[in-house]
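Pasted below: query35.cif, mmCIF, C-alpha atoms and all ligand atoms.
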```
data_entry
#
loop_
_atom_site.label_atom_id
_atom_site.label_comp_id
_atom_site.auth_asym_id
_atom_site.auth_seq_id
_atom_site.Cartn_x
_atom_site.Cartn_y
_atom_site.Cartn_z
CA MET Z 15 70.70 -62.70 67.25
CA SER Z 16 70.64 -62.24 71.03
CA GLN Z 17 68.35 -64.43 73.08
CA VAL Z 18 64.80 -63.18 73.66
CA SER Z 19 64.01 -62.54 77.33
CA ALA Z 20 60.79 -62.28 79.29
CA ILE Z 21 59.95 -61.33 82.86
CA ALA Z 22 57.59 -63.57 84.82
CA LEU Z 23 55.46 -62.78 87.82
CA PHE Z 24 56.42 -65.65 90.06
CA SER Z 25 54.36 -66.56 93.12
CA GLY Z 26 56.21 -69.83 93.60
CA GLY Z 27 52.99 -71.82 93.08
CA LEU Z 28 52.62 -74.47 90.41
CA ASP Z 29 50.90 -72.21 87.87
CA SER Z 30 53.69 -69.67 87.90
CA ILE Z 31 56.32 -72.42 87.68
CA LEU Z 32 54.57 -73.90 84.65
CA ALA Z 33 54.11 -70.52 82.97
CA CYS Z 34 57.88 -69.99 83.17
CA ARG Z 35 58.68 -73.46 81.91
CA VAL Z 36 56.28 -73.26 78.97
CA ILE Z 37 58.02 -70.10 77.75
CA MET Z 38 61.53 -71.38 78.56
CA ALA Z 39 60.71 -74.47 76.45
CA GLN Z 40 60.56 -72.11 73.45
CA GLY Z 41 64.20 -71.10 74.01
CA ILE Z 42 63.32 -67.82 75.73
CA ARG Z 43 65.21 -66.67 78.81
CA VAL Z 44 62.79 -66.07 81.70
CA ILE Z 45 63.64 -63.95 84.72
CA ALA Z 46 61.10 -64.76 87.41
CA LEU Z 47 60.30 -61.92 89.81
CA LYS Z 48 59.00 -62.87 93.20
CA PHE Z 49 57.46 -59.87 94.87
CA VAL Z 50 57.50 -59.79 98.65
CA THR Z 51 55.71 -57.60 101.18
CA PRO Z 52 55.08 -57.92 104.93
CA PHE Z 53 51.84 -59.72 103.97
CA PHE Z 54 53.54 -62.46 102.01
CA ASP Z 55 56.98 -63.97 101.68
CA ASP Z 56 59.15 -61.18 103.10
CA HIS Z 57 60.93 -63.76 105.30
CA LEU Z 58 62.65 -64.82 102.06
CA LEU Z 59 64.64 -61.58 102.09
CA ASP Z 60 66.73 -63.09 104.92
CA ARG Z 61 67.70 -66.04 102.74
CA GLU Z 62 67.57 -64.79 99.18
CA ASP Z 63 70.60 -66.74 97.94
CA ALA Z 64 69.32 -70.01 99.37
CA TYR Z 65 65.87 -69.37 97.89
CA GLN Z 66 67.31 -68.64 94.44
CA GLU Z 67 69.34 -71.82 94.62
CA GLU Z 68 66.32 -73.87 95.69
CA VAL Z 69 64.14 -72.58 92.81
CA ARG Z 70 66.96 -73.16 90.32
CA ARG Z 71 67.55 -76.70 91.59
CA LYS Z 72 63.89 -77.75 91.77
CA TYR Z 73 62.46 -76.02 88.71
CA GLY Z 74 65.40 -74.74 86.68
CA ILE Z 75 64.09 -71.17 87.04
CA GLU Z 76 66.10 -67.99 87.59
CA VAL Z 77 64.32 -66.01 90.32
CA ARG Z 78 64.85 -62.56 91.88
CA LEU Z 79 63.15 -61.14 94.96
CA VAL Z 80 61.64 -57.66 94.71
CA ASP Z 81 60.57 -55.94 97.92
CA LEU Z 82 57.36 -53.97 97.33
CA SER Z 83 56.68 -53.24 100.99
CA GLU Z 84 56.30 -49.49 101.33
CA GLY Z 85 54.15 -48.81 98.26
CA TYR Z 86 52.14 -51.94 98.85
CA VAL Z 87 51.08 -51.10 102.40
CA GLN Z 88 49.65 -47.84 101.01
CA LEU Z 89 47.78 -49.71 98.28
CA VAL Z 90 46.08 -51.99 100.79
CA ALA Z 91 44.58 -48.96 102.56
CA ASN Z 92 42.26 -48.05 99.72
CA PRO Z 93 42.31 -50.37 96.70
CA ALA Z 94 40.37 -48.96 93.75
CA HIS Z 95 38.86 -52.38 92.97
CA GLY Z 96 38.00 -53.25 96.55
CA TYR Z 97 38.72 -56.34 98.58
CA GLY Z 98 38.02 -60.03 98.04
CA LYS Z 99 36.45 -62.29 100.63
CA HIS Z 100 38.80 -61.07 103.35
CA PHE Z 101 41.20 -58.11 103.24
CA ASN Z 102 42.81 -59.17 99.95
CA PRO Z 103 42.88 -56.51 97.24
CA CYS Z 104 43.73 -59.06 94.54
CA ILE Z 105 42.95 -56.98 91.46
CA ASP Z 106 44.89 -53.92 92.62
CA CYS Z 107 47.66 -56.20 93.85
CA LYS Z 108 48.09 -57.69 90.39
CA ILE Z 109 47.92 -54.30 88.72
CA TYR Z 110 50.58 -53.03 91.08
CA MET Z 111 52.91 -55.99 90.58
CA LEU Z 112 52.54 -55.95 86.83
CA GLY Z 113 53.10 -52.21 86.72
CA ARG Z 114 56.32 -52.66 88.67
CA ALA Z 115 57.42 -55.60 86.50
CA ARG Z 116 56.79 -53.52 83.37
CA THR Z 117 59.17 -50.83 84.62
CA MET Z 118 61.83 -53.53 85.00
CA LEU Z 119 61.71 -54.72 81.38
CA PRO Z 120 64.63 -52.51 80.24
CA GLU Z 121 66.80 -53.62 83.17
CA TYR Z 122 66.56 -57.24 81.98
CA LYS Z 123 66.39 -56.39 78.28
CA ALA Z 124 63.10 -58.28 78.29
CA SER Z 125 60.48 -57.94 75.56
CA PHE Z 126 57.33 -59.02 77.37
CA LEU Z 127 55.78 -60.24 80.62
CA ILE Z 128 54.24 -63.56 81.58
CA SER Z 129 52.01 -64.67 84.42
CA GLY Z 130 50.55 -68.00 85.48
CA GLU Z 131 46.93 -66.87 85.58
CA VAL Z 132 44.33 -69.33 84.34
CA LEU Z 133 41.05 -68.04 83.00
CA GLY Z 134 38.17 -68.69 85.42
CA GLN Z 135 40.36 -70.18 88.12
CA ARG Z 136 39.57 -67.55 90.76
CA PRO Z 137 36.22 -65.82 91.09
CA MET Z 138 37.48 -62.28 91.49
CA SER Z 139 40.74 -61.77 89.71
CA GLN Z 140 40.77 -64.31 86.88
CA ARG Z 141 37.54 -63.59 85.04
CA MET Z 142 37.91 -62.52 81.42
CA ASP Z 143 36.77 -58.94 82.09
CA THR Z 144 39.06 -58.69 85.11
CA LEU Z 145 42.07 -59.98 83.19
CA ARG Z 146 41.45 -57.18 80.68
CA VAL Z 147 41.18 -54.54 83.43
CA ILE Z 148 44.42 -55.78 85.01
CA GLU Z 149 46.26 -55.56 81.68
CA ARG Z 150 44.93 -52.12 80.85
CA GLU Z 151 45.45 -50.50 84.23
CA SER Z 152 48.95 -51.87 84.64
CA GLY Z 153 49.93 -50.51 81.23
CA CYS Z 154 50.61 -54.07 80.04
CA ALA Z 155 47.99 -54.52 77.32
CA GLY Z 156 49.58 -56.48 74.49
CA ILE Z 157 52.79 -57.32 76.34
CA LEU Z 158 51.34 -59.59 79.00
CA LEU Z 159 51.21 -63.22 77.92
CA ARG Z 160 49.48 -65.88 80.02
CA PRO Z 161 51.00 -69.11 78.70
CA LEU Z 162 48.60 -71.47 80.51
CA CYS Z 163 45.44 -70.03 78.98
CA ALA Z 164 46.84 -67.94 76.09
CA ARG Z 165 44.91 -69.84 73.43
CA ARG Z 166 41.63 -68.75 75.01
CA LEU Z 167 42.73 -65.11 74.93
CA PRO Z 168 43.43 -62.65 72.11
CA GLU Z 169 46.90 -62.79 70.58
CA THR Z 170 49.55 -60.73 72.36
CA ASP Z 171 52.44 -58.79 70.79
CA PRO Z 172 55.09 -61.52 71.33
CA GLU Z 173 52.81 -64.03 69.57
CA ARG Z 174 51.98 -61.65 66.75
CA THR Z 175 55.61 -60.78 66.12
CA GLY Z 176 56.74 -64.42 66.22
CA LEU Z 177 58.80 -64.26 69.43
CA VAL Z 178 56.47 -66.89 70.88
CA ARG Z 179 54.72 -69.72 69.06
CA ARG Z 180 51.06 -69.58 69.97
CA GLU Z 181 50.39 -73.18 69.00
CA LEU Z 182 52.74 -74.35 71.78
CA LEU Z 183 50.82 -72.41 74.42
CA HIS Z 184 47.90 -73.78 76.43
CA ALA Z 185 44.15 -73.32 76.68
CA MET Z 186 43.48 -74.14 80.33
CA SER Z 187 40.47 -72.76 82.17
CA GLY Z 188 38.53 -73.26 85.36
CA ARG Z 189 39.42 -74.45 88.82
CA GLY Z 190 40.51 -78.02 88.03
CA ARG Z 191 44.19 -78.89 88.44
CA LYS Z 192 44.37 -81.97 86.20
CA GLU Z 193 45.93 -80.15 83.24
CA GLN Z 194 48.53 -78.48 85.42
CA ILE Z 195 49.49 -81.74 87.10
CA ARG Z 196 49.84 -83.43 83.73
CA LEU Z 197 52.02 -80.61 82.43
CA ALA Z 198 54.15 -80.66 85.60
CA ALA Z 199 54.79 -84.37 85.03
CA GLU Z 200 55.75 -83.63 81.43
CA PHE Z 201 58.39 -81.18 82.69
CA GLY Z 202 59.57 -83.69 85.30
CA ILE Z 203 58.36 -81.50 88.16
CA GLY Z 204 57.24 -83.76 90.95
CA GLU Z 205 57.46 -81.50 93.97
CA TYR Z 206 55.60 -78.22 94.15
CA PRO Z 207 53.78 -76.16 96.79
CA SER Z 208 50.04 -76.60 97.35
CA PRO Z 209 47.86 -73.92 95.74
CA ALA Z 210 46.71 -72.53 99.13
CA GLY Z 211 49.40 -69.83 99.05
CA GLY Z 212 50.81 -67.79 101.86
CA CYS Z 213 49.15 -64.41 101.51
CA MET Z 214 48.05 -63.27 104.96
CA LEU Z 215 45.53 -60.89 103.46
CA THR Z 216 43.40 -63.91 102.56
CA ASP Z 217 43.54 -65.36 106.08
CA PRO Z 218 40.24 -64.71 107.91
CA ASN Z 219 41.83 -63.98 111.31
CA LEU Z 220 44.92 -62.11 110.19
CA GLY Z 221 42.87 -60.30 107.53
CA GLU Z 222 40.60 -59.01 110.27
CA ARG Z 223 43.56 -57.94 112.37
CA ILE Z 224 45.07 -56.10 109.42
CA ALA Z 225 41.74 -54.44 108.60
CA ARG Z 226 41.50 -53.19 112.16
CA TYR Z 227 44.95 -51.61 111.90
CA TYR Z 228 43.96 -49.78 108.73
CA GLN Z 229 40.74 -48.53 110.31
CA ASP Z 230 42.36 -47.43 113.55
CA ARG Z 231 43.73 -43.96 112.85
CA ALA Z 232 45.39 -43.69 116.26
CA LEU Z 233 47.21 -46.98 115.86
CA MET Z 234 48.33 -46.08 112.37
CA GLN Z 235 49.15 -42.46 113.20
CA ALA Z 236 49.43 -39.48 110.89
CA GLU Z 237 52.21 -40.90 108.73
CA GLY Z 238 49.82 -43.61 107.49
CA PRO Z 239 50.44 -47.34 107.18
CA ARG Z 240 54.03 -48.49 107.53
CA ALA Z 241 55.62 -51.80 106.59
CA ALA Z 242 57.37 -51.86 109.99
CA ASP Z 243 53.98 -51.68 111.72
CA ILE Z 244 52.53 -54.46 109.60
CA ARG Z 245 55.45 -56.72 110.46
CA LEU Z 246 54.76 -56.12 114.14
CA LEU Z 247 51.03 -56.56 113.66
CA LEU Z 248 51.49 -60.07 112.30
CA VAL Z 249 53.33 -61.47 115.28
CA GLY Z 250 52.25 -62.57 118.76
CA ARG Z 251 49.38 -61.43 120.99
CA GLN Z 252 48.21 -57.91 120.33
CA PHE Z 253 46.81 -55.40 122.83
CA ARG Z 254 45.60 -51.85 122.78
CA LEU Z 255 46.38 -50.43 126.23
CA PRO Z 256 44.42 -47.57 127.81
CA GLY Z 257 45.66 -44.33 126.27
CA GLY Z 258 45.91 -45.99 122.83
CA HIS Z 259 49.33 -47.58 123.32
CA TRP Z 260 50.09 -50.60 121.18
CA PHE Z 261 51.53 -53.62 122.98
CA VAL Z 262 52.67 -56.94 121.53
CA LEU Z 263 53.67 -60.11 123.39
CA GLY Z 264 55.52 -63.13 121.98
CA ARG Z 265 53.88 -66.56 122.38
CA ASN Z 266 57.01 -68.64 121.94
CA GLU Z 267 60.75 -68.30 121.54
CA ALA Z 268 60.63 -67.65 117.82
CA GLU Z 269 58.10 -64.83 118.29
CA ASN Z 270 60.13 -63.38 121.17
CA GLU Z 271 63.17 -63.21 118.91
CA ARG Z 272 61.16 -61.71 116.07
CA ILE Z 273 59.71 -59.03 118.35
CA ALA Z 274 63.19 -58.07 119.58
CA VAL Z 275 64.36 -57.73 115.96
CA LEU Z 276 61.36 -55.53 115.09
CA ALA Z 277 61.98 -53.00 117.89
CA GLU Z 278 62.49 -49.45 116.61
CA PRO Z 279 63.83 -46.34 118.33
CA GLY Z 280 61.13 -45.11 120.68
CA ASP Z 281 59.73 -48.61 121.35
CA TRP Z 282 59.94 -50.19 124.78
CA LEU Z 283 61.21 -53.76 124.91
CA LEU Z 284 60.20 -55.80 127.95
CA THR Z 285 61.70 -59.10 129.09
CA MET Z 286 61.42 -61.19 132.24
CA ARG Z 287 64.52 -61.41 134.35
CA ASP Z 288 63.74 -64.09 136.91
CA ARG Z 289 62.07 -66.85 134.86
CA PRO Z 290 61.13 -67.66 131.25
CA GLY Z 291 58.42 -65.48 129.80
CA PRO Z 292 57.32 -63.52 126.79
CA THR Z 293 59.12 -60.59 125.22
CA GLY Z 294 56.87 -57.54 125.05
CA LEU Z 295 57.09 -54.52 122.80
CA LEU Z 296 55.30 -51.25 123.40
CA ARG Z 297 54.90 -48.96 120.38
CA ARG Z 298 53.20 -45.57 120.40
CA GLY Z 299 54.38 -45.27 124.00
CA LEU Z 300 54.43 -41.74 125.29
CA ALA Z 301 56.02 -40.22 122.23
CA ASP Z 302 52.99 -38.08 121.40
CA SER Z 303 51.81 -37.23 124.86
CA PRO Z 304 53.57 -35.07 127.42
CA VAL Z 305 55.74 -37.30 129.53
CA ASP Z 306 54.78 -37.21 133.11
CA SER Z 307 56.42 -39.65 135.42
CA GLY Z 308 53.08 -40.80 136.90
CA GLU Z 309 51.72 -41.72 133.48
CA GLU Z 310 54.93 -43.42 132.49
CA ARG Z 311 55.01 -45.44 135.68
CA LYS Z 312 51.43 -46.56 135.15
CA LEU Z 313 52.18 -47.65 131.62
CA MET Z 314 55.21 -49.61 132.80
CA GLU Z 315 53.06 -51.39 135.37
CA LEU Z 316 50.40 -52.32 132.82
CA ALA Z 317 52.87 -53.59 130.25
CA GLY Z 318 54.97 -55.31 132.90
CA GLY Z 319 51.78 -56.81 134.37
CA LEU Z 320 50.94 -58.42 131.03
CA VAL Z 321 54.46 -59.85 130.72
CA ALA Z 322 54.11 -61.31 134.23
CA ARG Z 323 50.65 -62.69 133.43
CA TYR Z 324 51.98 -64.64 130.44
CA GLY Z 325 55.24 -65.67 132.10
CA ARG Z 326 55.78 -69.24 133.25
CA LYS Z 327 53.22 -70.06 135.94
CA THR Z 328 53.99 -71.64 139.30
CA GLY Z 329 51.39 -74.00 140.77
CA GLY Z 330 49.10 -73.05 137.88
CA ARG Z 331 49.17 -69.36 138.77
CA PRO Z 332 51.08 -66.41 137.35
CA LEU Z 333 53.30 -64.74 139.91
CA PRO Z 334 54.85 -61.27 140.20
CA ALA Z 335 57.90 -60.97 137.98
CA GLU Z 336 61.06 -58.92 137.67
CA VAL Z 337 60.63 -57.18 134.33
CA ARG Z 338 63.39 -55.39 132.46
CA ILE Z 339 62.28 -52.50 130.27
CA GLU Z 340 64.63 -51.10 127.66
CA ARG Z 341 63.76 -47.69 126.24
CA ASN Z 342 66.10 -46.28 123.62
CA GLY Z 343 68.85 -48.56 124.88
CA GLU Z 344 68.34 -47.44 128.48
CA PRO Z 345 67.29 -50.28 130.74
CA CYS Z 346 65.23 -49.99 133.87
CA GLY Z 347 63.28 -52.54 135.86
CA LEU Z 348 60.27 -53.10 138.02
CA THR Z 349 58.56 -55.82 139.96
CA ALA Z 350 55.28 -56.28 138.10
CA ALA Z 351 52.15 -57.90 139.49
CA PRO Z 352 50.37 -60.11 136.90
CA LEU Z 353 47.29 -58.37 135.56
CA PRO Z 354 44.02 -60.22 136.21
CA ASP Z 355 42.43 -61.45 132.97
CA ASP Z 356 39.24 -59.44 133.41
CA VAL Z 357 41.30 -56.24 133.55
CA PHE Z 358 42.90 -56.69 130.13
CA ARG Z 359 40.32 -58.79 128.26
CA GLU Z 360 38.93 -55.73 126.52
CA TRP Z 361 42.39 -54.64 125.40
CA GLN Z 362 43.04 -57.73 123.30
CA LEU Z 363 42.94 -57.18 119.57
S1 LIG Z 401 46.13 -63.43 97.27
FE1 LIG Z 401 47.42 -61.79 98.10
S2 LIG Z 401 49.27 -61.84 96.83
FE2 LIG Z 401 47.70 -62.98 95.71
S3 LIG Z 401 46.76 -61.48 94.35
FE3 LIG Z 401 45.54 -61.53 96.22
S4 LIG Z 401 46.36 -59.91 97.53
FE4 LIG Z 401 47.90 -60.33 95.92
#
```
Can you dump the structure from the file as structure tokens?
Ligand code: SF4
Amino acid sequence: MSQVSAIALFSGGLDSILACRVIMAQGIRVIALKFVTPFFDDHLLDREDAYQEEVRRKYGIEVRLVDLSEGYVQLVANPAHGYGKHFNPCIDCKIYMLGRARTMLPEYKASFLISGEVLGQRPMSQRMDTLRVIERESGCAGILLRPLCARRLPETDPERTGLVRRELLHAMSGRGRKEQIRLAAEFGIGEYPSPAGGCMLTDPNLGERIARYYQDRALMQAEGPRAADIRLLLVGRQFRLPGGHWFVLGRNEAENERIAVLAEPGDWLLTMRDRPGPTGLLRRGLADSPVDSGEERKLMELAGGLVARYGRKTGGRPLPAEVRIERNGEPCGLTAAPLPDDVFREWQL
């Protein structure tokens, strides 16, 4: 008989690690799917092999990254079950991930799904009624097994059909971590991430910034939310220049590099030529308005003025700077006077 397989929703937190291990301990192959979006964990896409190796070495788990970006940024715009404390649409997020995981069952010849949810652990998404809604709306009723609290929930298909032994599953509930820590020790897992998680939608400041993007039709434009915009939104200082133009400035070398990588055709990329300073990126430049050289010049001066303002100061004061502006691979330059703070204060997002 071929080995039974299951797909796990894998956040990388302790609960999801344990859920995988509890099922693997019954001789079942588990393929852990780690979903990534611009709001969480998409930096892992740059180092997928290393990440897989790390998870295998630390926890003995086989993990795959799945990029949900484009569909997910649409979901965040209008989640049917609303938002949590910040801009986190946790219930719809889980429904979406489970729905995607379900479609991947045939690819991995897997019979059922598992997740590390614990009944009553989170106020919004882990209540009994919510767990039911998530199962139903994701099309996973009966095939979603939650190994950490399964014995508090109705039997699932894999338990009923004998693929999984229910008596070896757990009955955890509530917010305490004692049971999980004990189980981790039993599996010899000593090192695991803290439960805080890395979802930017739950961060008060970033959540507010993201909410503003979704509410600002001009910033988002007719095509709707885009993953490329969200990536830019989550880096550096953000400004809305007069005329509705979106401008982003790096705060350190890493952000400057990130901004340069995120530049798209049509964006302007600004750098300082004569001394260290921030990289700037202007999106929604003049693409939608008739180009007139006066308007373009003014925009260059404003954007250049912000770059000069945040460039390295001399004697405690920002000085005029030589700024290079690259538009569609065509460079030009200007000497920009630093903008006074009271001029741009209102433009900061
Ligand atoms: S915290 Fe973020 S990743 Fe986790 S369920 Fe909520 S929205 Fe999804």
Given all atoms listed in the file as the basis, pick out the residue of Z:Ala185, Z:Leu295, Z:Gly26, Z:Leu197 nearest to Glu68 (chain Z). Z:Gly26
Have a look at Z:Asp60, Z:Asp29, Z:Glu76, Z:Asp217 and name the one nearest to ligand LIG 401 (chain Z); count all atoms listed in the file.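 Between Z:Asp60, Z:Asp29, Z:Glu76, Z:Asp217, the residue approaching ligand LIG 401 (chain Z) most closely is Z:Asp217.
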Find the residues near ligand LIG 401 (chain Z). Use a cut-off of 6 Å, count all atoms listed in the file, and write them as a ChimeraX atom specification. /Z:102-104,107-108,213,215-216
Find the residues near region 332-341 of chain Z: any atom within 8 Å, counting only C-alpha atoms, skip ones fewer than 4 places away on the same chain, and give them as a ChimeraX atom specification. /Z:280-289,318-319,321-328,345-352
Rounded to one decimal, what separation in Å do you get between CA of Gly153 (chain Z) and CA of Gly113 (chain Z)?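 Between these atoms lies a distance of 6.6 Å.
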To one decimal in Å, tell me the separation between CA of Gly27 (chain Z) and CA of Glu131 (chain Z). 10.8 Å
Point-to-point distance in Å for CA of Arg311 (chain Z) and CA of Gly264 (chain Z): 22.4 Å
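Using all atoms listed in the file, the shortest contact distance between Ala317 (chain Z) and any of Z:Ala274, Z:Leu79, Z:Val36, Z:Leu263 is found at Z:Leu263.
Across Z:Arg78, Z:Tyr86, Z:Lys48, Z:Leu28, the tightest approach to Lys192 (chain Z) is made by Z:Leu28 when counting all atoms listed in the file.
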Counting only C-alpha atoms, which residues have an atom no more than 10 Å from (53.1, -61.9, 107.0) in the file's coordinates? Please list them as a ChimeraX atom specification. /Z:50-57,212-215,220,244-249
Let me make sure I understand: among Z:Arg180, Z:Arg136, Z:Arg114, Z:Arg240, which one has the smallest atom-to-atom distance to Cys154 (chain Z) if we use only C-alpha atoms?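 So, comparing all the options, the nearest one is Z:Arg114.
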Non-local contacts of Glu173 (chain Z) (12 Å; all atoms listed in the file; under 2 positions in same chain excluded) as an MDAnalysis selection string: chainID Z and resid 37 40 125:126 156:161 164:165 167:171 175:183
Which is closer to Gln229 (chain Z) than all the others in Z:Arg166, Z:Phe201, Z:Trp361, Z:Val90, using all atoms listed in the file?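 For Gln229 (chain Z), the nearest of the given residues is Z:Val90.
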When you look at Gln194 (chain Z) with a cut-off of 10 Å (counting only C-alpha atoms), what residues show up, excluding the ones that are within fewer than 5 positions of it in the same chain? I need them as a PDB file with C-alpha atoms, in the frame of the given file.
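That gives us out-v1.pdb:
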```
ATOM      1  CA  LEU Z  28      52.620 -74.470  90.410  1.00  0.00           C
ATOM      2  CA  ASP Z  29      50.900 -72.210  87.870  1.00  0.00           C
ATOM      3  CA  LEU Z  32      54.570 -73.900  84.650  1.00  0.00           C
ATOM      4  CA  LEU Z 162      48.600 -71.470  80.510  1.00  0.00           C
ATOM      5  CA  MET Z 186      43.480 -74.140  80.330  1.00  0.00           C
ATOM      6  CA  ALA Z 199      54.790 -84.370  85.030  1.00  0.00           C
ATOM      7  CA  GLU Z 200      55.750 -83.630  81.430  1.00  0.00           C
TER       8      GLU Z 200
END
```
